[in-house]
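> The following file, model.csv, comprises CSV, N, CA and C atoms and all ligand atoms:
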```csv
chain,number,residue,atom,x,y,z
A,1,MET,N,-128.2,206.0,-86.8
A,1,MET,CA,-127.1,205.8,-87.7
A,1,MET,C,-126.2,207.0,-87.9
A,2,ALA,N,-126.7,208.2,-87.6
A,2,ALA,CA,-126.0,209.4,-87.8
A,2,ALA,C,-125.0,209.6,-86.7
A,3,LYS,N,-125.0,208.8,-85.7
A,3,LYS,CA,-124.1,209.0,-84.6
A,3,LYS,C,-122.6,208.8,-85.0
A,4,THR,N,-121.7,209.7,-84.5
A,4,THR,CA,-120.3,209.5,-84.7
A,4,THR,C,-119.6,209.1,-83.5
A,5,PHE,N,-118.6,208.2,-83.6
A,5,PHE,CA,-117.8,207.7,-82.5
A,5,PHE,C,-116.4,208.0,-82.8
A,6,THR,N,-115.6,208.1,-81.7
A,6,THR,CA,-114.1,208.1,-81.9
A,6,THR,C,-113.7,206.7,-81.7
A,7,LEU,N,-112.5,206.4,-82.2
A,7,LEU,CA,-112.0,205.0,-82.0
A,7,LEU,C,-111.8,204.7,-80.5
A,8,ALA,N,-111.6,205.8,-79.7
A,8,ALA,CA,-111.5,205.7,-78.3
A,8,ALA,C,-112.8,205.3,-77.7
A,9,ASP,N,-113.9,205.9,-78.2
A,9,ASP,CA,-115.3,205.5,-77.7
A,9,ASP,C,-115.5,204.0,-78.0
A,10,VAL,N,-115.2,203.6,-79.2
A,10,VAL,CA,-115.4,202.2,-79.6
A,10,VAL,C,-114.6,201.2,-78.7
A,11,SER,N,-113.4,201.6,-78.4
A,11,SER,CA,-112.5,200.7,-77.6
A,11,SER,C,-113.1,200.4,-76.2
A,12,THR,N,-114.0,201.2,-75.7
A,12,THR,CA,-114.6,200.9,-74.4
A,12,THR,C,-115.7,199.8,-74.5
A,13,HIS,N,-116.1,199.4,-75.7
A,13,HIS,CA,-117.1,198.5,-75.9
A,13,HIS,C,-116.6,197.1,-76.4
A,14,LYS,N,-116.0,196.4,-75.4
A,14,LYS,CA,-115.4,195.2,-75.8
A,14,LYS,C,-115.7,194.0,-74.8
A,15,ASP,N,-116.8,194.2,-74.1
A,15,ASP,CA,-117.3,193.0,-73.3
A,15,ASP,C,-118.8,193.1,-73.1
A,16,ALA,N,-119.4,192.0,-72.6
A,16,ALA,CA,-120.8,191.9,-72.5
A,16,ALA,C,-121.4,193.1,-71.7
A,17,GLU,N,-120.7,193.5,-70.7
A,17,GLU,CA,-121.2,194.6,-69.8
A,17,GLU,C,-121.4,195.9,-70.6
A,18,ASN,N,-120.5,196.3,-71.4
A,18,ASN,CA,-120.6,197.5,-72.1
A,18,ASN,C,-121.1,197.4,-73.6
A,19,GLY,N,-121.2,196.2,-74.0
A,19,GLY,CA,-121.6,195.9,-75.4
A,19,GLY,C,-120.4,195.7,-76.2
A,20,LEU,N,-120.6,195.0,-77.4
A,20,LEU,CA,-119.4,194.7,-78.3
A,20,LEU,C,-119.6,195.5,-79.6
A,21,TYR,N,-118.7,196.4,-79.8
A,21,TYR,CA,-118.7,197.2,-81.0
A,21,TYR,C,-117.5,196.9,-81.8
A,22,ILE,N,-117.7,196.9,-83.1
A,22,ILE,CA,-116.5,196.7,-84.0
A,22,ILE,C,-116.6,197.7,-85.1
A,23,VAL,N,-115.4,198.1,-85.6
A,23,VAL,CA,-115.3,199.0,-86.7
A,23,VAL,C,-115.0,198.3,-88.0
A,24,ILE,N,-115.8,198.5,-89.1
A,24,ILE,CA,-115.4,198.0,-90.4
A,24,ILE,C,-115.4,199.2,-91.4
A,25,ASP,N,-114.3,199.5,-91.9
A,25,ASP,CA,-114.1,200.7,-92.7
A,25,ASP,C,-114.5,201.9,-91.9
A,26,GLU,N,-115.5,202.8,-92.4
A,26,GLU,CA,-115.8,203.9,-91.6
A,26,GLU,C,-117.1,203.7,-90.7
A,27,GLY,N,-117.6,202.4,-90.7
A,27,GLY,CA,-118.8,202.1,-90.0
A,27,GLY,C,-118.5,201.5,-88.6
A,28,VAL,N,-119.4,201.8,-87.7
A,28,VAL,CA,-119.4,201.2,-86.3
A,28,VAL,C,-120.6,200.3,-86.2
A,29,TYR,N,-120.3,199.0,-85.8
A,29,TYR,CA,-121.4,198.0,-85.7
A,29,TYR,C,-121.5,197.5,-84.3
A,30,ASP,N,-122.7,197.4,-83.8
A,30,ASP,CA,-123.0,196.8,-82.5
A,30,ASP,C,-123.3,195.3,-82.7
A,31,VAL,N,-122.3,194.5,-82.3
A,31,VAL,CA,-122.5,193.0,-82.5
A,31,VAL,C,-122.9,192.3,-81.2
A,32,THR,N,-123.3,193.0,-80.2
A,32,THR,CA,-123.6,192.4,-78.9
A,32,THR,C,-124.6,191.3,-79.0
A,33,ASN,N,-125.6,191.5,-79.8
A,33,ASN,CA,-126.7,190.5,-79.9
A,33,ASN,C,-126.5,189.6,-81.1
A,34,PHE,N,-125.4,189.8,-81.8
A,34,PHE,CA,-125.2,189.1,-83.0
A,34,PHE,C,-124.1,188.0,-82.8
A,35,VAL,N,-123.2,188.2,-81.8
A,35,VAL,CA,-122.1,187.2,-81.6
A,35,VAL,C,-122.5,185.8,-81.6
A,36,ASP,N,-123.6,185.5,-80.9
A,36,ASP,CA,-124.0,184.1,-80.7
A,36,ASP,C,-124.6,183.5,-82.0
A,37,GLU,N,-125.0,184.4,-83.0
A,37,GLU,CA,-125.6,183.8,-84.2
A,37,GLU,C,-124.6,184.0,-85.4
A,38,HIS,N,-123.4,184.5,-85.1
A,38,HIS,CA,-122.4,184.7,-86.2
A,38,HIS,C,-122.0,183.4,-86.7
A,39,PRO,N,-122.1,183.2,-88.0
A,39,PRO,CA,-121.8,181.9,-88.6
A,39,PRO,C,-120.3,181.5,-88.5
A,40,GLY,N,-119.5,182.6,-88.3
A,40,GLY,CA,-118.0,182.3,-88.1
A,40,GLY,C,-117.7,182.1,-86.7
A,41,GLY,N,-118.6,182.1,-85.8
A,41,GLY,CA,-118.4,181.8,-84.4
A,41,GLY,C,-118.3,183.1,-83.5
A,42,ALA,N,-118.7,182.9,-82.2
A,42,ALA,CA,-118.7,184.1,-81.3
A,42,ALA,C,-117.2,184.5,-80.9
A,43,LYS,N,-116.4,183.5,-80.8
A,43,LYS,CA,-115.0,183.7,-80.2
A,43,LYS,C,-114.2,184.7,-81.1
A,44,ILE,N,-114.3,184.5,-82.4
A,44,ILE,CA,-113.5,185.3,-83.3
A,44,ILE,C,-114.0,186.7,-83.3
A,45,LEU,N,-115.3,186.9,-83.1
A,45,LEU,CA,-115.9,188.3,-83.1
A,45,LEU,C,-115.5,189.0,-81.8
A,46,LYS,N,-115.6,188.2,-80.7
A,46,LYS,CA,-115.3,188.8,-79.4
A,46,LYS,C,-113.8,189.3,-79.3
A,47,ARG,N,-113.0,188.6,-80.0
A,47,ARG,CA,-111.5,188.9,-80.0
A,47,ARG,C,-111.3,190.3,-80.6
A,48,VAL,N,-112.1,190.7,-81.6
A,48,VAL,CA,-111.9,192.0,-82.2
A,48,VAL,C,-112.8,193.1,-81.7
A,49,ALA,N,-113.6,192.8,-80.7
A,49,ALA,CA,-114.5,193.8,-80.1
A,49,ALA,C,-113.7,195.0,-79.6
A,50,GLY,N,-114.3,196.2,-79.9
A,50,GLY,CA,-113.6,197.4,-79.5
A,50,GLY,C,-112.6,197.9,-80.5
A,51,LYS,N,-112.4,197.1,-81.5
A,51,LYS,CA,-111.3,197.4,-82.5
A,51,LYS,C,-111.8,197.6,-83.9
A,52,ASP,N,-110.8,198.1,-84.7
A,52,ASP,CA,-111.0,198.1,-86.2
A,52,ASP,C,-110.8,196.7,-86.7
A,53,ALA,N,-111.8,196.1,-87.2
A,53,ALA,CA,-111.7,194.7,-87.7
A,53,ALA,C,-111.8,194.7,-89.2
A,54,SER,N,-111.6,195.8,-89.9
A,54,SER,CA,-111.8,195.9,-91.4
A,54,SER,C,-111.0,194.8,-92.1
A,55,LYS,N,-109.7,194.7,-91.7
A,55,LYS,CA,-108.8,193.7,-92.4
A,55,LYS,C,-109.4,192.3,-92.2
A,56,GLN,N,-109.7,191.9,-91.0
A,56,GLN,CA,-110.3,190.6,-90.8
A,56,GLN,C,-111.6,190.4,-91.5
A,57,PHE,N,-112.4,191.4,-91.5
A,57,PHE,CA,-113.8,191.3,-92.1
A,57,PHE,C,-113.6,191.0,-93.6
A,58,TRP,N,-112.8,191.8,-94.3
A,58,TRP,CA,-112.7,191.6,-95.7
A,58,TRP,C,-112.0,190.4,-96.1
A,59,LYS,N,-111.3,189.8,-95.2
A,59,LYS,CA,-110.6,188.5,-95.5
A,59,LYS,C,-111.7,187.4,-95.6
A,60,TYR,N,-112.8,187.5,-94.9
A,60,TYR,CA,-113.7,186.4,-94.8
A,60,TYR,C,-115.1,186.7,-95.4
A,61,HIS,N,-115.4,187.9,-95.7
A,61,HIS,CA,-116.7,188.3,-96.2
A,61,HIS,C,-116.7,189.2,-97.5
A,62,ASN,N,-117.8,189.3,-98.1
A,62,ASN,CA,-117.9,190.3,-99.2
A,62,ASN,C,-118.8,191.4,-98.9
A,63,GLU,N,-119.0,192.3,-99.8
A,63,GLU,CA,-119.8,193.5,-99.7
A,63,GLU,C,-121.3,193.1,-99.3
A,64,GLY,N,-121.7,192.0,-99.9
A,64,GLY,CA,-123.1,191.6,-99.7
A,64,GLY,C,-123.4,191.3,-98.3
A,65,VAL,N,-122.5,190.8,-97.5
A,65,VAL,CA,-122.7,190.5,-96.1
A,65,VAL,C,-122.9,191.8,-95.3
A,66,LEU,N,-122.0,192.8,-95.6
A,66,LEU,CA,-122.1,194.0,-94.9
A,66,LEU,C,-123.4,194.7,-95.2
A,67,LYS,N,-123.8,194.7,-96.5
A,67,LYS,CA,-125.1,195.3,-96.9
A,67,LYS,C,-126.3,194.7,-96.2
A,68,LYS,N,-126.3,193.3,-96.2
A,68,LYS,CA,-127.4,192.6,-95.6
A,68,LYS,C,-127.5,192.9,-94.1
A,69,TYR,N,-126.4,193.0,-93.4
A,69,TYR,CA,-126.5,193.2,-91.9
A,69,TYR,C,-126.4,194.6,-91.4
A,70,SER,N,-126.1,195.6,-92.3
A,70,SER,CA,-126.0,197.0,-91.9
A,70,SER,C,-127.2,197.5,-91.2
A,71,GLU,N,-128.3,197.3,-91.7
A,71,GLU,CA,-129.5,197.9,-91.1
A,71,GLU,C,-129.7,197.4,-89.7
A,72,LYS,N,-129.4,196.2,-89.5
A,72,LYS,CA,-129.6,195.6,-88.1
A,72,LYS,C,-128.4,196.0,-87.2
A,73,LEU,N,-127.2,196.1,-87.7
A,73,LEU,CA,-126.1,196.2,-86.8
A,73,LEU,C,-125.3,197.5,-86.8
A,74,ARG,N,-125.5,198.3,-87.8
A,74,ARG,CA,-124.7,199.5,-87.9
A,74,ARG,C,-125.3,200.6,-87.0
A,75,ILE,N,-124.5,201.2,-86.1
A,75,ILE,CA,-125.0,202.2,-85.2
A,75,ILE,C,-124.4,203.6,-85.5
A,76,GLY,N,-123.5,203.7,-86.4
A,76,GLY,CA,-122.9,205.0,-86.7
A,76,GLY,C,-121.6,204.9,-87.5
A,77,SER,N,-120.8,206.0,-87.4
A,77,SER,CA,-119.6,206.1,-88.2
A,77,SER,C,-118.5,206.5,-87.3
A,78,VAL,N,-117.3,206.3,-87.7
A,78,VAL,CA,-116.1,206.6,-87.0
A,78,VAL,C,-115.7,208.1,-87.4
A,79,GLU,N,-115.6,208.9,-86.4
A,79,GLU,CA,-115.4,210.3,-86.6
A,79,GLU,C,-114.1,210.6,-87.4
A,80,GLU,N,-113.0,210.0,-87.0
A,80,GLU,CA,-111.7,210.2,-87.7
A,80,GLU,C,-111.8,209.8,-89.1
A,81,LYS,N,-112.5,208.7,-89.4
A,81,LYS,CA,-112.5,208.1,-90.7
A,81,LYS,C,-113.5,208.9,-91.6
A,82,ALA,N,-114.5,209.4,-91.1
A,82,ALA,CA,-115.5,210.1,-91.9
A,82,ALA,C,-114.9,211.3,-92.6
A,83,LYS,N,-113.9,211.8,-92.0
A,83,LYS,CA,-113.3,213.0,-92.6
A,83,LYS,C,-112.3,212.7,-93.7
A,84,LEU,N,-111.9,211.4,-93.8
A,84,LEU,CA,-110.9,211.1,-94.8
A,84,LEU,C,-111.5,211.2,-96.2
A,101,LIG,C1,-120.7,193.1,-88.7
A,101,LIG,C2,-119.8,192.1,-88.6
A,101,LIG,C3,-119.9,190.7,-89.2
A,101,LIG,C4,-121.0,190.1,-89.8
A,101,LIG,C5,-122.4,190.7,-90.1
A,101,LIG,C6,-120.6,188.8,-90.2
A,101,LIG,C7,-121.4,187.8,-90.9
A,101,LIG,C8,-120.9,186.6,-91.3
A,101,LIG,C9,-121.7,185.7,-92.1
A,101,LIG,C10,-123.1,186.0,-92.7
A,101,LIG,C11,-121.0,184.6,-92.3
A,101,LIG,C12,-121.3,183.4,-93.2
A,101,LIG,C13,-120.6,183.3,-94.4
A,101,LIG,C14,-121.0,184.3,-95.4
A,101,LIG,O1,-122.2,184.5,-95.7
A,101,LIG,O2,-120.1,185.0,-96.0
A,101,LIG,C15,-119.7,184.8,-91.6
A,101,LIG,C16,-118.7,183.9,-91.6
A,101,LIG,C17,-117.4,184.1,-91.0
A,101,LIG,N1,-117.0,185.2,-90.3
A,101,LIG,FE1,-118.2,186.9,-90.0
A,101,LIG,N2,-119.3,188.6,-89.8
A,101,LIG,C18,-118.8,189.7,-89.2
A,101,LIG,C19,-117.6,190.0,-88.6
A,101,LIG,C20,-116.5,189.1,-88.7
A,101,LIG,C21,-115.2,189.4,-88.2
A,101,LIG,C22,-114.8,190.8,-87.6
A,101,LIG,C23,-114.5,188.3,-88.3
A,101,LIG,C24,-113.0,188.0,-88.0
A,101,LIG,C25,-112.4,188.6,-87.0
A,101,LIG,C26,-115.3,187.3,-88.9
A,101,LIG,C27,-115.0,186.0,-89.3
A,101,LIG,C28,-115.7,185.1,-89.9
A,101,LIG,C29,-115.3,183.8,-90.3
A,101,LIG,C30,-113.9,183.2,-90.0
A,101,LIG,C31,-116.4,183.2,-91.0
A,101,LIG,C32,-116.4,181.7,-91.6
A,101,LIG,C33,-115.9,181.8,-93.0
A,101,LIG,C34,-116.0,180.5,-93.6
A,101,LIG,O3,-116.6,179.5,-93.1
A,101,LIG,O4,-115.4,180.3,-94.7
A,101,LIG,N3,-116.6,187.8,-89.1
A,101,LIG,N4,-119.7,186.0,-91.0
```
Is it possible to express this structure as structure tokens?


Amino acid sequence: MAKTFTLADVSTHKDAENGLYIVIDEGVYDVTNFVDEHPGGAKILKRVAGKDASKQFWKYHNEGVLKKYSEKLRIGSVEEKAKL
């Protein structure tokens, strides 16, 4: 969890081969193994892989969802954002 990523690092993880990472606020989440169980569907998650999906995430979920899944999916923080 202590790992820090740049947005450029995250952007290289946008397909099954390299894994699917998404950014929500200052957190980086590895959703590679979660896409197929995502209640909102795999397609919508794959579309934002490698990107900052904070805006989309907060449109459809609340804090409770993030808390519940953080332990399983969060792999680190975004370097640029951690400094803000
Ligand atoms: C770590 C990332 C994510 C997790 C853990 C997650 C988890 C969930 C869960 C548990 C639900 C079921 C509804 C609920 O309990 O609120 C859901 C629904 C949904 N999610 Fe996600 N989600 C993630 C990212 C995203 C992103 C990035 C998008 C959009 C690009 C998205 C779009 C949706 C949509 C459209 C629904 C259905 C909402 C509805 O039926 O009203 N999700 N997600």

> Give me the residues within 8 Å of Tyr21 of chain A as number ranges by chain, counting all atoms listed in the file and dropping any in the same chain fewer than 4 places off.

A: 10-15, 28-32, 48-53

> Distance atom CA of Lys81 of chain A-atom CA of Glu26 of chain A, one decimal place?

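Computing it gives 5.4 Å between the two atoms.
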
> Can you measure atom O3 of ligand LIG 101 (chain A) to atom CA of His61 of chain A for me? One decimal in Å is fine.

9.3 Å

> Using atom N of Tyr60 of chain A and atom CA of Gly41 of chain A as the two end points, give the distance in Å to one decimal.

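Computing the Euclidean distance for atom N of Tyr60 of chain A and atom CA of Gly41 of chain A yields 13.2 Å.
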
> What residues of the protein or nucleic acid chains come within 8 Å of ligand LIG 101 (chain A) when you use only C-alpha atoms and all ligand atoms? Reply as a PDB file with N, CA and C atoms, keeping the file's coordinate frame.


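Output file result_22.pdb follows:
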```
ATOM      1  N   ILE A  22    -117.700 196.900 -83.100  1.00  0.00           N
ATOM      2  CA  ILE A  22    -116.500 196.700 -84.000  1.00  0.00           C
ATOM      3  C   ILE A  22    -116.600 197.700 -85.100  1.00  0.00           C
ATOM      4  N   ILE A  24    -115.800 198.500 -89.100  1.00  0.00           N
ATOM      5  CA  ILE A  24    -115.400 198.000 -90.400  1.00  0.00           C
ATOM      6  C   ILE A  24    -115.400 199.200 -91.400  1.00  0.00           C
ATOM      7  N   TYR A  29    -120.300 199.000 -85.800  1.00  0.00           N
ATOM      8  CA  TYR A  29    -121.400 198.000 -85.700  1.00  0.00           C
ATOM      9  C   TYR A  29    -121.500 197.500 -84.300  1.00  0.00           C
ATOM     10  N   ASP A  30    -122.700 197.400 -83.800  1.00  0.00           N
ATOM     11  CA  ASP A  30    -123.000 196.800 -82.500  1.00  0.00           C
ATOM     12  C   ASP A  30    -123.300 195.300 -82.700  1.00  0.00           C
ATOM     13  N   VAL A  31    -122.300 194.500 -82.300  1.00  0.00           N
ATOM     14  CA  VAL A  31    -122.500 193.000 -82.500  1.00  0.00           C
ATOM     15  C   VAL A  31    -122.900 192.300 -81.200  1.00  0.00           C
ATOM     16  N   PHE A  34    -125.400 189.800 -81.800  1.00  0.00           N
ATOM     17  CA  PHE A  34    -125.200 189.100 -83.000  1.00  0.00           C
ATOM     18  C   PHE A  34    -124.100 188.000 -82.800  1.00  0.00           C
ATOM     19  N   HIS A  38    -123.400 184.500 -85.100  1.00  0.00           N
ATOM     20  CA  HIS A  38    -122.400 184.700 -86.200  1.00  0.00           C
ATOM     21  C   HIS A  38    -122.000 183.400 -86.700  1.00  0.00           C
ATOM     22  N   PRO A  39    -122.100 183.200 -88.000  1.00  0.00           N
ATOM     23  CA  PRO A  39    -121.800 181.900 -88.600  1.00  0.00           C
ATOM     24  C   PRO A  39    -120.300 181.500 -88.500  1.00  0.00           C
ATOM     25  N   GLY A  40    -119.500 182.600 -88.300  1.00  0.00           N
ATOM     26  CA  GLY A  40    -118.000 182.300 -88.100  1.00  0.00           C
ATOM     27  C   GLY A  40    -117.700 182.100 -86.700  1.00  0.00           C
ATOM     28  N   GLY A  41    -118.600 182.100 -85.800  1.00  0.00           N
ATOM     29  CA  GLY A  41    -118.400 181.800 -84.400  1.00  0.00           C
ATOM     30  C   GLY A  41    -118.300 183.100 -83.500  1.00  0.00           C
ATOM     31  N   ILE A  44    -114.300 184.500 -82.400  1.00  0.00           N
ATOM     32  CA  ILE A  44    -113.500 185.300 -83.300  1.00  0.00           C
ATOM     33  C   ILE A  44    -114.000 186.700 -83.300  1.00  0.00           C
ATOM     34  N   LEU A  45    -115.300 186.900 -83.100  1.00  0.00           N
ATOM     35  CA  LEU A  45    -115.900 188.300 -83.100  1.00  0.00           C
ATOM     36  C   LEU A  45    -115.500 189.000 -81.800  1.00  0.00           C
ATOM     37  N   ARG A  47    -113.000 188.600 -80.000  1.00  0.00           N
ATOM     38  CA  ARG A  47    -111.500 188.900 -80.000  1.00  0.00           C
ATOM     39  C   ARG A  47    -111.300 190.300 -80.600  1.00  0.00           C
ATOM     40  N   VAL A  48    -112.100 190.700 -81.600  1.00  0.00           N
ATOM     41  CA  VAL A  48    -111.900 192.000 -82.200  1.00  0.00           C
ATOM     42  C   VAL A  48    -112.800 193.100 -81.700  1.00  0.00           C
ATOM     43  N   ALA A  53    -111.800 196.100 -87.200  1.00  0.00           N
ATOM     44  CA  ALA A  53    -111.700 194.700 -87.700  1.00  0.00           C
ATOM     45  C   ALA A  53    -111.800 194.700 -89.200  1.00  0.00           C
ATOM     46  N   SER A  54    -111.600 195.800 -89.900  1.00  0.00           N
ATOM     47  CA  SER A  54    -111.800 195.900 -91.400  1.00  0.00           C
ATOM     48  C   SER A  54    -111.000 194.800 -92.100  1.00  0.00           C
ATOM     49  N   GLN A  56    -109.700 191.900 -91.000  1.00  0.00           N
ATOM     50  CA  GLN A  56    -110.300 190.600 -90.800  1.00  0.00           C
ATOM     51  C   GLN A  56    -111.600 190.400 -91.500  1.00  0.00           C
ATOM     52  N   PHE A  57    -112.400 191.400 -91.500  1.00  0.00           N
ATOM     53  CA  PHE A  57    -113.800 191.300 -92.100  1.00  0.00           C
ATOM     54  C   PHE A  57    -113.600 191.000 -93.600  1.00  0.00           C
ATOM     55  N   LYS A  59    -111.300 189.800 -95.200  1.00  0.00           N
ATOM     56  CA  LYS A  59    -110.600 188.500 -95.500  1.00  0.00           C
ATOM     57  C   LYS A  59    -111.700 187.400 -95.600  1.00  0.00           C
ATOM     58  N   TYR A  60    -112.800 187.500 -94.900  1.00  0.00           N
ATOM     59  CA  TYR A  60    -113.700 186.400 -94.800  1.00  0.00           C
ATOM     60  C   TYR A  60    -115.100 186.700 -95.400  1.00  0.00           C
ATOM     61  N   HIS A  61    -115.400 187.900 -95.700  1.00  0.00           N
ATOM     62  CA  HIS A  61    -116.700 188.300 -96.200  1.00  0.00           C
ATOM     63  C   HIS A  61    -116.700 189.200 -97.500  1.00  0.00           C
ATOM     64  N   ASN A  62    -117.800 189.300 -98.100  1.00  0.00           N
ATOM     65  CA  ASN A  62    -117.900 190.300 -99.200  1.00  0.00           C
ATOM     66  C   ASN A  62    -118.800 191.400 -98.900  1.00  0.00           C
ATOM     67  N   VAL A  65    -122.500 190.800 -97.500  1.00  0.00           N
ATOM     68  CA  VAL A  65    -122.700 190.500 -96.100  1.00  0.00           C
ATOM     69  C   VAL A  65    -122.900 191.800 -95.300  1.00  0.00           C
ATOM     70  N   LEU A  66    -122.000 192.800 -95.600  1.00  0.00           N
ATOM     71  CA  LEU A  66    -122.100 194.000 -94.900  1.00  0.00           C
ATOM     72  C   LEU A  66    -123.400 194.700 -95.200  1.00  0.00           C
ATOM     73  N   LYS A  68    -126.300 193.300 -96.200  1.00  0.00           N
ATOM     74  CA  LYS A  68    -127.400 192.600 -95.600  1.00  0.00           C
ATOM     75  C   LYS A  68    -127.500 192.900 -94.100  1.00  0.00           C
ATOM     76  N   TYR A  69    -126.400 193.000 -93.400  1.00  0.00           N
ATOM     77  CA  TYR A  69    -126.500 193.200 -91.900  1.00  0.00           C
ATOM     78  C   TYR A  69    -126.400 194.600 -91.400  1.00  0.00           C
ATOM     79  N   SER A  70    -126.100 195.600 -92.300  1.00  0.00           N
ATOM     80  CA  SER A  70    -126.000 197.000 -91.900  1.00  0.00           C
ATOM     81  C   SER A  70    -127.200 197.500 -91.200  1.00  0.00           C
ATOM     82  N   LEU A  73    -127.200 196.100 -87.700  1.00  0.00           N
ATOM     83  CA  LEU A  73    -126.100 196.200 -86.800  1.00  0.00           C
ATOM     84  C   LEU A  73    -125.300 197.500 -86.800  1.00  0.00           C
ATOM     85  N   ARG A  74    -125.500 198.300 -87.800  1.00  0.00           N
ATOM     86  CA  ARG A  74    -124.700 199.500 -87.900  1.00  0.00           C
ATOM     87  C   ARG A  74    -125.300 200.600 -87.000  1.00  0.00           C
TER      88      ARG A  74
END
```

> Please extract the residues of chain A with a backbone DSSP assignment of helix (DSSP H, G or I) and present them as a ChimeraX atom specification.

/A:7-11,35-37,42-47,54-60,63-73,79-82

> Considering all atoms listed in the file, can you say which of A:Ala42, A:Gly19, A:Asn33, A:Thr6 comes closest to Val78 of chain A?

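Residue with the minimum atom-to-atom distance to Val78 of chain A: A:Thr6.
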
> Enumerate, as a list of chain:residue names, the complete set of residues in chain A that a backbone-based DSSP assignment places in strand (DSSP E).

A:Thr4, A:Phe5, A:Lys14, A:Asp15, A:Gly19, A:Leu20, A:Tyr21, A:Ile22, A:Val23, A:Ile24, A:Gly27, A:Val28, A:Tyr29, A:Asp30, A:Arg74, A:Ile75, A:Gly76, A:Ser77, A:Val78

> List every protein, DNA or RNA residue that has at least one atom no more than 6.5 Å from (-127.2, 207.2, -85.0) in the file's coordinates, counting all atoms listed in the file, and write the result as a PyMOL selection string.

chain A and resi 1-4+75-76

> Pick out the closest residue to Val23 of chain A from this set: A:Lys55, A:Gly64, A:Glu71, A:Val35. Count all atoms listed in the file.

A:Lys55
